[in-house]
Structures are given as C-alpha cells and as structure tokens.
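Asker: For reference, the file my_file-v4.txt (compact mmCIF, C-alpha atoms (C1' of nucleotides)) is included below:
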# COMPACT_ATOMS: atom_id res chain seq x y z
CA MET A 1 0.00 0.00 0.00
CA ASP A 2 1.38 3.39 -0.94
CA THR A 3 1.98 6.08 1.59
CA ARG A 4 0.16 9.39 1.52
CA TRP A 5 3.11 11.67 2.25
CA LEU A 6 2.67 15.00 3.95
CA ASP A 7 2.10 18.07 1.82
CA GLU A 8 3.81 21.37 2.53
CA GLY A 9 1.26 22.70 5.01
CA GLU A 10 0.92 19.42 6.85
CA ARG A 11 4.65 19.10 7.16
CA ALA A 12 5.00 22.64 8.48
CA ALA A 13 2.30 22.09 11.09
CA TRP A 14 3.72 18.74 12.09
CA LEU A 15 7.32 19.92 12.52
CA ARG A 16 6.19 22.80 14.69
CA LEU A 17 3.93 20.60 16.79
CA ILE A 18 6.84 18.24 17.38
CA ALA A 19 8.98 21.16 18.47
CA VAL A 20 6.34 22.38 20.92
CA VAL A 21 5.82 18.92 22.36
CA GLU A 22 9.56 18.53 22.75
CA LEU A 23 10.20 21.92 24.34
CA LEU A 24 7.14 22.67 26.49
CA PRO A 25 7.71 20.00 29.15
CA GLY A 26 11.26 21.21 29.72
CA VAL A 27 10.14 24.80 30.23
CA LEU A 28 7.47 23.84 32.73
CA ASP A 29 9.73 21.42 34.58
CA THR A 30 12.51 23.94 34.87
CA GLN A 31 10.35 26.63 36.45
CA LEU A 32 8.66 24.29 38.90
CA ARG A 33 11.83 22.47 39.83
CA ARG A 34 13.60 25.72 40.51
CA ASP A 35 10.80 27.34 42.48
CA ALA A 36 9.08 24.41 44.15
CA HIS A 37 11.25 21.29 43.77
CA LEU A 38 8.46 19.65 41.82
CA THR A 39 8.20 18.07 38.39
CA HIS A 40 5.38 19.41 36.28
CA TYR A 41 3.76 16.03 36.58
CA ASP A 42 4.19 16.12 40.36
CA TYR A 43 2.51 19.52 40.42
CA PHE A 44 -0.30 18.32 38.21
CA VAL A 45 -0.96 15.38 40.51
CA LEU A 46 -1.11 17.64 43.54
CA ALA A 47 -3.30 20.14 41.69
CA MET A 48 -5.82 17.50 40.61
CA LEU A 49 -6.02 16.23 44.17
CA SER A 50 -6.46 19.75 45.51
CA GLU A 51 -9.59 20.18 43.41
CA ALA A 52 -11.15 16.83 44.24
CA PRO A 53 -13.75 16.40 46.98
CA ASP A 54 -11.97 15.79 50.28
CA ARG A 55 -8.76 16.32 48.28
CA THR A 56 -8.91 12.58 47.72
CA LEU A 57 -8.98 10.38 44.63
CA ARG A 58 -8.53 6.74 43.78
CA MET A 59 -5.24 5.92 42.16
CA THR A 60 -6.99 4.86 38.98
CA ALA A 61 -9.04 8.05 38.76
CA LEU A 62 -5.94 10.11 39.44
CA ALA A 63 -4.01 8.29 36.73
CA LEU A 64 -6.81 9.01 34.25
CA ARG A 65 -6.97 12.70 35.11
CA THR A 66 -3.25 13.11 34.83
CA ASN A 67 -3.02 11.17 31.56
CA ALA A 68 -0.55 8.71 33.01
CA THR A 69 -0.21 4.99 33.46
CA LEU A 70 -0.79 3.40 36.83
CA PRO A 71 2.82 2.32 37.34
CA ARG A 72 4.05 5.83 36.67
CA LEU A 73 1.56 7.32 39.11
CA SER A 74 2.43 4.71 41.70
CA HIS A 75 6.12 5.64 41.66
CA VAL A 76 5.36 9.36 41.76
CA VAL A 77 2.92 9.04 44.63
CA ARG A 78 5.39 6.96 46.61
CA ARG A 79 7.95 9.72 46.29
CA LEU A 80 5.47 12.46 47.17
CA GLU A 81 4.28 10.40 50.13
CA GLY A 82 7.88 10.27 51.32
CA ARG A 83 7.82 14.08 51.38
CA ASP A 84 4.50 14.08 53.30
CA LEU A 85 2.67 15.87 50.52
CA ILE A 86 0.30 12.95 49.91
CA GLU A 87 -0.97 10.10 52.06
CA ARG A 88 -2.39 6.78 50.90
CA PHE A 89 -4.99 4.63 52.61
CA PRO A 90 -7.08 1.66 51.49
CA CYS A 91 -10.47 2.47 50.02
CA PRO A 92 -13.18 1.37 52.47
CA GLU A 93 -15.66 0.58 49.71
CA ASP A 94 -13.38 -1.58 47.57
CA GLY A 95 -10.59 -3.58 49.11
CA ARG A 96 -8.61 -3.59 45.91
CA ALA A 97 -8.47 0.17 45.60
CA THR A 98 -6.30 2.69 47.42
CA ASN A 99 -7.06 6.36 47.86
CA ALA A 100 -4.53 9.16 47.61
CA ARG A 101 -5.20 12.24 49.71
CA LEU A 102 -3.45 15.59 49.81
CA THR A 103 -1.96 16.33 53.23
CA PRO A 104 -2.10 19.84 54.71
CA ALA A 105 1.56 20.22 53.79
CA GLY A 106 0.71 19.13 50.27
CA TRP A 107 -2.05 21.73 50.09
CA ASP A 108 0.35 24.43 51.26
CA GLU A 109 2.81 23.32 48.60
CA VAL A 110 0.24 23.68 45.84
CA VAL A 111 -0.90 27.06 47.09
CA ALA A 112 2.68 28.26 47.24
CA ALA A 113 3.60 26.93 43.80
CA ALA A 114 0.47 27.91 41.91
CA PRO A 115 1.12 31.62 41.25
CA GLY A 116 4.56 31.05 39.80
CA HIS A 117 3.32 28.19 37.68
CA VAL A 118 0.35 30.12 36.33
CA GLU A 119 2.68 32.95 35.52
CA ALA A 120 4.86 30.54 33.52
CA VAL A 121 1.85 29.12 31.71
CA ARG A 122 0.72 32.63 30.81
CA SER A 123 4.03 33.95 29.68
CA HIS A 124 5.01 30.92 27.65
CA VAL A 125 1.69 29.89 26.21
CA LEU A 126 -1.57 31.72 26.79
CA ASP A 127 -0.38 35.31 26.55
CA VAL A 128 1.38 34.54 23.28
CA LEU A 129 -1.95 33.66 21.65
CA ASN A 130 -4.94 35.85 20.88
CA PRO A 131 -8.35 34.84 22.26
CA ALA A 132 -9.42 33.26 18.99
CA GLN A 133 -6.32 31.10 18.96
CA VAL A 134 -6.95 29.96 22.51
CA THR A 135 -10.34 28.70 21.40
CA GLN A 136 -8.86 27.07 18.31
CA LEU A 137 -6.22 25.39 20.42
CA GLN A 138 -8.86 23.91 22.67
CA GLN A 139 -10.84 22.58 19.74
CA ILE A 140 -7.78 21.14 18.05
CA CYS A 141 -6.60 19.41 21.21
CA ASP A 142 -10.10 18.09 21.80
CA ALA A 143 -10.06 16.52 18.37
CA LEU A 144 -6.62 15.04 18.93
CA LEU A 145 -7.63 13.59 22.28
CA THR A 146 -10.53 11.67 20.86
CA ARG A 147 -7.88 9.71 19.00
CA LEU A 148 -4.99 9.83 21.43
CA ASP A 149 -6.98 8.87 24.47
CA PRO A 150 -10.43 7.61 23.51
CA ASP A 151 -11.19 6.29 26.98
CA GLY A 152 -9.31 8.79 29.09
CA LEU A 153 -11.50 11.63 27.97
CA MET A 154 -14.35 10.14 29.91
CA GLY A 155 -12.29 10.40 33.05
CA GLN A 156 -11.93 14.13 32.55
CA LEU A 157 -15.60 14.72 31.93
CA TYR A 158 -17.37 12.48 34.34
CA ASP A 159 -16.69 12.89 38.00
CA LEU A 160 -15.32 9.54 39.09
CA ARG A 161 -16.09 8.80 42.71
CA ARG A 162 -13.25 7.61 44.83
CA MET D 1 1.86 40.98 42.92
CA ASP D 2 -1.47 39.29 42.35
CA THR D 3 -1.87 36.39 40.01
CA ARG D 4 -4.06 36.59 36.91
CA TRP D 5 -5.74 33.19 37.21
CA LEU D 6 -6.98 31.34 34.16
CA ASP D 7 -10.53 31.91 33.02
CA GLU D 8 -12.77 29.06 31.92
CA GLY D 9 -11.69 29.02 28.28
CA GLU D 10 -8.01 29.36 29.05
CA ARG D 11 -8.19 26.58 31.58
CA ALA D 12 -9.97 24.28 29.13
CA ALA D 13 -7.40 24.93 26.42
CA TRP D 14 -4.53 24.50 28.84
CA LEU D 15 -5.70 21.21 30.33
CA ARG D 16 -6.19 19.74 26.89
CA LEU D 17 -2.83 20.94 25.68
CA ILE D 18 -1.20 19.30 28.70
CA ALA D 19 -2.98 16.07 27.88
CA VAL D 20 -1.80 16.15 24.27
CA VAL D 21 1.77 16.92 25.27
CA GLU D 22 1.66 14.08 27.77
CA LEU D 23 0.15 11.49 25.45
CA LEU D 24 1.53 12.22 21.99
CA PRO D 25 5.15 11.20 22.64
CA GLY D 26 4.05 7.85 23.99
CA VAL D 27 1.94 7.10 20.94
CA LEU D 28 4.75 7.95 18.53
CA ASP D 29 7.35 6.08 20.55
CA THR D 30 5.22 2.97 20.76
CA GLN D 31 4.67 2.68 17.03
CA LEU D 32 8.29 3.32 16.11
CA ARG D 33 9.70 1.11 18.82
CA ARG D 34 7.48 -1.74 17.78
CA ASP D 35 8.06 -1.41 14.04
CA ALA D 36 11.61 -0.08 13.83
CA HIS D 37 13.26 -0.34 17.26
CA LEU D 38 13.64 3.43 17.31
CA THR D 39 12.57 6.16 19.67
CA HIS D 40 10.66 8.95 18.04
CA TYR D 41 13.60 11.18 18.82
CA ASP D 42 15.96 8.63 17.25
CA TYR D 43 13.83 8.63 14.13
CA PHE D 44 13.70 12.40 14.04
CA VAL D 45 17.49 12.59 14.24
CA LEU D 46 17.87 10.14 11.37
CA ALA D 47 15.19 11.95 9.36
CA MET D 48 16.84 15.35 9.76
CA LEU D 49 20.16 13.89 8.68
CA SER D 50 18.56 12.18 5.70
CA GLU D 51 17.39 15.55 4.40
CA ALA D 52 20.65 17.41 4.95
CA PRO D 53 23.21 17.89 2.18
CA ASP D 54 25.54 14.87 2.16
CA ARG D 55 23.29 13.49 4.90
CA THR D 56 25.67 15.25 7.25
CA LEU D 57 25.24 17.86 9.95
CA ARG D 58 27.23 19.30 12.78
CA MET D 59 26.19 18.13 16.18
CA THR D 60 25.13 21.63 17.19
CA ALA D 61 23.04 22.13 14.07
CA LEU D 62 21.46 18.72 14.57
CA ALA D 63 20.65 19.52 18.18
CA LEU D 64 18.98 22.76 17.12
CA ARG D 65 16.89 21.08 14.45
CA THR D 66 15.75 18.36 16.77
CA ASN D 67 14.97 20.77 19.60
CA ALA D 68 17.27 18.99 21.98
CA THR D 69 20.23 19.78 24.19
CA LEU D 70 23.71 18.83 23.12
CA PRO D 71 24.22 16.24 25.87
CA ARG D 72 21.02 14.50 24.93
CA LEU D 73 21.97 14.39 21.28
CA SER D 74 25.46 13.19 22.15
CA HIS D 75 24.11 10.16 24.03
CA VAL D 76 21.60 9.35 21.31
CA VAL D 77 24.18 9.60 18.53
CA ARG D 78 26.58 7.39 20.46
CA ARG D 79 23.92 4.69 20.66
CA LEU D 80 22.94 5.05 17.01
CA GLU D 81 26.60 4.96 16.05
CA GLY D 82 26.86 1.67 17.92
CA ARG D 83 24.16 0.32 15.62
CA ASP D 84 25.99 1.63 12.54
CA LEU D 85 23.17 3.95 11.59
CA ILE D 86 25.29 7.08 12.04
CA GLU D 87 29.01 7.79 11.89
CA ARG D 88 30.90 10.67 13.43
CA PHE D 89 34.04 12.36 12.16
CA PRO D 90 35.81 15.59 13.05
CA CYS D 91 34.84 18.64 11.04
CA PRO D 92 37.74 19.62 8.77
CA GLU D 93 36.88 23.32 8.91
CA ASP D 94 36.62 23.65 12.68
CA GLY D 95 38.62 21.42 14.95
CA ARG D 96 36.13 21.81 17.78
CA ALA D 97 33.18 20.55 15.81
CA THR D 98 32.20 17.01 14.89
CA ASN D 99 29.97 16.00 12.03
CA ALA D 100 27.34 13.30 12.18
CA ARG D 101 26.62 11.49 8.92
CA LEU D 102 23.94 8.97 8.09
CA THR D 103 25.40 5.63 7.01
CA PRO D 104 23.86 3.63 4.15
CA ALA D 105 22.33 1.33 6.77
CA GLY D 106 20.93 4.40 8.52
CA TRP D 107 19.39 5.59 5.28
CA ASP D 108 17.80 2.20 4.72
CA GLU D 109 16.43 2.31 8.23
CA VAL D 110 14.76 5.70 7.65
CA VAL D 111 13.34 4.60 4.34
CA ALA D 112 11.94 1.47 5.92
CA ALA D 113 10.48 3.24 8.92
CA ALA D 114 9.03 6.29 7.19
CA PRO D 115 5.78 4.88 5.78
CA GLY D 116 4.65 3.40 9.07
CA HIS D 117 5.55 6.55 10.90
CA VAL D 118 3.75 8.84 8.47
CA GLU D 119 0.74 6.59 8.75
CA ALA D 120 0.82 7.01 12.54
CA VAL D 121 1.16 10.78 12.24
CA ARG D 122 -1.79 10.87 9.88
CA SER D 123 -4.08 8.62 11.84
CA HIS D 124 -3.37 10.16 15.21
CA VAL D 125 -3.00 13.80 14.29
CA LEU D 126 -3.41 15.18 10.81
CA ASP D 127 -6.38 13.18 9.62
CA VAL D 128 -8.27 14.06 12.78
CA LEU D 129 -8.15 17.76 11.86
CA ASN D 130 -9.75 19.61 8.98
CA PRO D 131 -7.53 21.67 6.67
CA ALA D 132 -8.36 24.92 8.44
CA GLN D 133 -7.32 23.43 11.75
CA VAL D 134 -4.03 22.24 10.32
CA THR D 135 -3.28 25.81 9.33
CA GLN D 136 -4.38 27.11 12.71
CA LEU D 137 -2.20 24.56 14.43
CA GLN D 138 0.81 25.69 12.49
CA GLN D 139 0.18 29.34 13.32
CA ILE D 140 -0.40 28.59 17.00
CA CYS D 141 2.76 26.50 17.28
CA ASP D 142 4.69 29.19 15.47
CA ALA D 143 3.56 31.72 18.04
CA LEU D 144 4.45 29.41 20.90
CA LEU D 145 7.89 28.71 19.48
CA THR D 146 8.84 32.36 19.36
CA ARG D 147 8.60 32.19 23.14
CA LEU D 148 9.63 28.60 23.84
CA ASP D 149 12.65 28.65 21.61
CA PRO D 150 13.50 32.19 20.57
CA ASP D 151 16.92 31.21 19.21
CA GLY D 152 16.16 27.74 17.95
CA LEU D 153 13.76 29.01 15.36
CA MET D 154 16.65 30.47 13.48
CA GLY D 155 18.16 27.04 13.20
CA GLN D 156 15.07 25.77 11.44
CA LEU D 157 14.87 28.62 9.00
CA TYR D 158 18.43 29.26 8.00
CA ASP D 159 20.37 26.46 6.51
CA LEU D 160 23.29 25.96 8.84
CA ARG D 161 26.37 24.68 7.08
CA ARG D 162 28.13 21.79 8.65
C1' DG B 1 52.25 35.33 21.54
C1' DG B 2 50.34 34.43 26.08
C1' DG B 3 46.24 35.19 28.74
C1' DT B 4 40.99 35.29 28.88
C1' DG B 5 36.79 33.97 27.45
C1' DT B 6 33.74 31.47 24.50
C1' DT B 7 32.26 27.61 21.66
C1' DA B 8 31.73 22.57 20.73
C1' DC B 9 31.24 18.42 22.48
C1' DT B 10 31.67 14.35 25.74
C1' DT B 11 31.17 11.91 29.94
C1' DG B 12 29.37 10.06 34.48
C1' DA B 13 26.04 10.16 37.93
C1' DA B 14 21.31 10.71 39.38
C1' DG B 15 16.49 10.74 38.60
C1' DC B 16 12.40 9.60 36.13
C1' DA B 17 9.52 6.70 32.80
C1' DT B 18 8.32 2.33 31.01
C1' DC B 19 7.61 -2.40 30.73
C1' DA B 20 6.76 -6.92 32.44
C1' DA B 21 5.76 -9.50 36.21
C1' DC B 22 3.51 -9.97 40.21
C1' DC B 23 0.01 -10.13 44.23
C1' DA B 24 -4.43 -9.38 46.21
C1' DA B 25 -9.26 -8.47 46.09
C1' DT B 26 -13.49 -8.85 43.69
C1' DC B 27 -16.75 -10.42 40.32
C1' DA B 28 -19.17 -13.80 37.23
C1' DC B 29 -21.22 -17.92 37.00
C1' DC B 30 -22.45 -22.31 37.40
C1' DG V 1 -19.48 -21.70 47.56
C1' DG V 2 -15.73 -22.64 44.61
C1' DT V 3 -13.20 -21.77 40.25
C1' DG V 4 -11.61 -18.71 36.64
C1' DA V 5 -11.26 -14.18 34.93
C1' DT V 6 -10.88 -9.35 35.77
C1' DT V 7 -9.69 -5.26 38.24
C1' DG V 8 -6.53 -2.35 41.16
C1' DG V 9 -2.26 -1.56 42.41
C1' DT V 10 2.81 -2.27 43.42
C1' DT V 11 7.51 -3.47 42.42
C1' DG V 12 12.11 -4.13 40.11
C1' DA V 13 14.92 -3.86 36.10
C1' DT V 14 16.15 -1.36 32.12
C1' DG V 15 16.78 2.62 29.42
C1' DC V 16 16.59 7.44 28.46
C1' DT V 17 17.09 12.36 29.99
C1' DT V 18 19.22 15.78 32.53
C1' DC V 19 22.53 18.16 35.05
C1' DA V 20 27.15 19.31 36.29
C1' DA V 21 31.63 18.90 35.24
C1' DG V 22 35.27 18.33 32.22
C1' DT V 23 38.29 18.66 27.84
C1' DA V 24 39.70 20.65 23.77
C1' DA V 25 39.81 24.02 20.12
C1' DC V 26 39.22 28.62 18.64
C1' DA V 27 39.03 33.96 18.92
C1' DC V 28 40.17 38.16 20.63
C1' DC V 29 43.24 41.53 22.39
C1' DC V 30 46.81 43.84 24.52
Before anything else, please render the file you have as structure tokens.

Answerer:
Amino acid sequence: MDTRWLDEGERAAWLRLIAVVELLPGVLDTQLRRDAHLTHYDYFVLAMLSEAPDRTLRMTALALRTNATLPRLSHVVRRLEGRDLIERFPCPEDGRATNARLTPAGWDEVVAAAPGHVEAVRSHVLDVLNPAQVTQLQQICDALLTRLDPDGLMGQLYDLRR
Amino acid sequence: MDTRWLDEGERAAWLRLIAVVELLPGVLDTQLRRDAHLTHYDYFVLAMLSEAPDRTLRMTALALRTNATLPRLSHVVRRLEGRDLIERFPCPEDGRATNARLTPAGWDEVVAAAPGHVEAVRSHVLDVLNPAQVTQLQQICDALLTRLDPDGLMGQLYDLRR
DNA sequence: GGGTGTTACTTGAAGCATCAACCAATCACC
DNA sequence: GGTGATTGGTTGATGCTTCAAGTAACACCC
C-alpha cells in the first residue's frame, strides 16, 4: 500500500507541533523544579487532588486525570508520600483500591507553587496567543484527544467517585 | 503581585494541551519502537540527517533542528553509532566541531520506517483535523515557538552549514 | 604570543519513565 | 461456595534524559 506523504502545510504544522511537544515539558519542569522542587507532573498530581472532593482520589481516577499509566503514578505518589505531601490509605468501599489524599503540607505546597506556575503558563503559552487562537487550540486538542486517548476523555468529563 | 488566574476558556485549552503533550510522545514512541526499534527522537534525528546535504550535519546544528540539548543528542548519537546507523568524524573546517553522517544502513532504516511513521502521524493527528485546523495549528505553534525557543527558530529557518 | 573567554562536544552520575511481572481483592457464573 | 477471569495496584529492572563537570579548540586583544 502506498503512503500518503505530507504536503507542505501538513509538514509545516507537524514539525512545529513536534517542536512544541519537545520543548514545552522542559520549560514547565525547569520553572517548577527551581521554584518548588516539583516536576510538572508532580505539580499536576497535587493540583488534581487539591480540586477533588476531600482532596482525595482513587489511584486509577488520578491516573486518568493526569493522563498517566498506573505504574508511573504509583512511583510518583510513593515519592510524594515520602515528602509528606500525599498520604495513601485503602479504600473502604473496595478492598482492591487505594485512595490518595493531599496532606495539609501538600495543600500548602500547591498554594505556594500555583502563582509562579500560572505565571509561567501565561508567559510561555496563553499570553502569546490571541483569544481566537486559545479557542482554536482547545478545539484542536479536543479533536486530537478523541484519538490519542479515547477512553481517558471520559475520566476528565465524568466525575469519578473515589 | 497578584496572580491573573486562568478563566474558563483558558483553563480548558490548557488542560487539553497538557494532555496532548503528555500522550503524543508515547503514541509515537510505541509505534516506532514496535516497528523499527527506534525512539521517536531517534527517528527524528535520522530523518533530519537524511534531508541534509551529504546526509551530514554538525552536532550543534542537529541539536537545534531536533529541539534537543547537546548532551542528549550526544548520548543518542553514540547509541545510534553503535548500531551503525550514524558515523561521526571531526569537522575539517573547525577542529572543535564534529559531524554526524547517516550511514547507508541508517538511510535504509529511515526509508523502511518512514511509511509506518507517516501513517501514525496521519491517523493520530493530521487526519483528525480539517484543513483549516491544520493551518491554525501551524500558526499557533509558530507563536508558541517564538517564546519557547527564541533562538532555535533560526536554526530551522536558516540552513546551517556543517 | 600568552592570557581570557567562548564555543563545541563528551562523559558520568542521578532521577524519572516504562515495561513486564507480580500479588491481592473482587466479580461472574455455574 | 468454589473456580476462573478481571480489576486495582505495586515493584524491580532497564533505558533514556538531565545536570554538572570536564576537555579541547578557537578567537580576541593587549
């Protein structure tokens, strides 16, 4: 079967998307590591917990919301637990499940890190785009996610109980 | 100084962008690793070399084009050199520099891997978007790159000699 | 022509992600 | 109520990235 190669416009869009995907994580990590000793993924985990009811989520639900695999989350949570930012306890309703809960220290950490992080997000991403582009970006990413993560999307939309 | 928090639309766009950035590399890596025993970054390095004059580039130029740091590229090239896909030799014009050149085996590898990779790019990204969105994506990424990589952009546009 | 500083690249150590394997609890079903 | 399959999660090994440090060549300048 013969390949449909990329035309000029497709190639231009693709090369730039690759560049963004390659560079953005580094920028976010650098700021957060410097100012809060957190990976961007660490921060995202803490942030998702901070917005959940009781600041608690099941590991599986947390993995879905953070677009990560369960093994990855497990390692990260173990490290954060060692720093007393998160605590784990067995889920009373399902013996197989474990809940992750933000500790008070973890909450303080998020509150302290948030302004600097939002500033970074603004200066590197949102403030560079006009309002129309922000909307376009959302729609484009939505379309991509239906293909990249057909199941995971559900996790973002429906409120999974712990 | 008080933080300008994200409004609803900004937050929606941001969360989805994070998800894409988190998931896309994994999808590309998985396909290429399975079909060609290459990381996406490995493939990208080989692809950039394959398009360069004499299939040769300086390490610095190659790092710029692949949006990576020099240490990262150095490790990757060492591994690819071990598989005889790339060869390194000192640059005759500048004793400090070293050139990386695609070997015939490396060329074959790119040629063999390209169709499957392009198919993955199409099915996961480009074919999910309509033509207008592809253009928007390019413009958005262009805007982001002026901030994410103010110098690197030059490397993409001007043809660096080896 | 000998500092001084910069550029180009490599290396080793440390940390994080990923994969496969594993265990434990629950569910389905007869 | 017992067996097999599934779900939920953890762990250890491997590999890649990153950071800091190091080496070597070049450029400038007095």

Asker: Using only C-alpha atoms (C1' of nucleotides), find the residues of chain D whose closest atom to chain V is at most 7 Å away, then write them as an MDAnalysis selection string.

Answerer: chainID D and resid 72 95:96

Asker: Show me, as JSON, numbers by chain, the residues of chain A whose atoms get within 10 Å of chain B, using all atoms listed in the file for the distance check.

Answerer: {"A": [39, 69, 71, 72, 75, 76, 94, 95, 96, 97]}

Asker: Would you tabulate, counting only C-alpha atoms, all residues of chain D that have an atom at most 8 Å from an atom of chain A, showing the closest pair of atoms and their distance in Å to one decimal, sorted by chain then ascending number, as a Markdown table?

Answerer:
| residue | atom | partner | partner_atom | distance |
| --- | --- | --- | --- | --- |
| D:Thr3 | CA | A:Pro115 | CA | 5.8 |
| D:Arg4 | CA | A:Glu119 | CA | 7.8 |
| D:Trp5 | CA | A:Val118 | CA | 6.9 |
| D:Leu6 | CA | A:Val118 | CA | 7.7 |
| D:Gly9 | CA | A:Thr135 | CA | 7.0 |
| D:Glu10 | CA | A:Val134 | CA | 6.7 |
| D:Ala12 | CA | A:Gln138 | CA | 6.6 |
| D:Ala13 | CA | A:Gln138 | CA | 4.2 |
| D:Trp14 | CA | A:Gln138 | CA | 7.6 |
| D:Arg16 | CA | A:Cys141 | CA | 5.7 |
| D:Leu17 | CA | A:Cys141 | CA | 6.0 |
| D:Ala19 | CA | A:Asn67 | CA | 6.1 |
| D:Val20 | CA | A:Cys141 | CA | 6.6 |
| D:Val21 | CA | A:Val21 | CA | 5.4 |
| D:Glu22 | CA | A:Asn67 | CA | 6.7 |
| D:Leu23 | CA | A:Leu148 | CA | 6.7 |
| D:Leu24 | CA | A:Leu148 | CA | 7.0 |
| D:Pro25 | CA | A:Val21 | CA | 7.8 |
| D:Val27 | CA | A:Leu148 | CA | 7.5 |
| D:Thr66 | CA | A:Ala19 | CA | 7.5 |
| D:Asn67 | CA | A:Ala19 | CA | 6.1 |
| D:Ala68 | CA | A:Glu22 | CA | 7.8 |
| D:Pro115 | CA | A:Thr3 | CA | 5.8 |
| D:Val118 | CA | A:Trp5 | CA | 6.9 |
| D:Glu119 | CA | A:Thr3 | CA | 7.3 |
| D:His124 | CA | A:Arg147 | CA | 5.9 |
| D:Val125 | CA | A:Leu144 | CA | 6.0 |
| D:Leu126 | CA | A:Glu10 | CA | 7.2 |
| D:Val128 | CA | A:Ala143 | CA | 6.4 |
| D:Leu129 | CA | A:Ala143 | CA | 6.9 |
| D:Gln133 | CA | A:Ile140 | CA | 6.7 |
| D:Val134 | CA | A:Ala13 | CA | 6.4 |
| D:Thr135 | CA | A:Ala13 | CA | 6.9 |
| D:Gln136 | CA | A:Gln136 | CA | 7.2 |
| D:Leu137 | CA | A:Ala13 | CA | 6.1 |
| D:Gln138 | CA | A:Ala13 | CA | 4.1 |
| D:Gln139 | CA | A:Ala13 | CA | 7.9 |
| D:Ile140 | CA | A:Gln133 | CA | 6.7 |
| D:Cys141 | CA | A:Arg16 | CA | 5.7 |
| D:Asp142 | CA | A:Arg16 | CA | 6.6 |
| D:Ala143 | CA | A:Val128 | CA | 6.3 |
| D:Leu144 | CA | A:Val125 | CA | 6.0 |
| D:Leu145 | CA | A:Val20 | CA | 6.7 |
| D:Arg147 | CA | A:His124 | CA | 5.9 |
| D:Leu148 | CA | A:His124 | CA | 6.4 |
| D:Asp149 | CA | A:Leu23 | CA | 7.7 |

Asker: So the first atom is CA of Glu51 in chain A and the second is CA of Thr30 in chain A; what is the distance between them in Å, to one decimal place?

Answerer: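 Distance between the two atoms: 24.0 Å.
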
Asker: Find the distance between CA of Leu102 in chain D and CA of Ile86 in chain D and write it in Å to one decimal.

Answerer: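 Taking CA of Leu102 in chain D and CA of Ile86 in chain D, their separation equals 4.6 Å.
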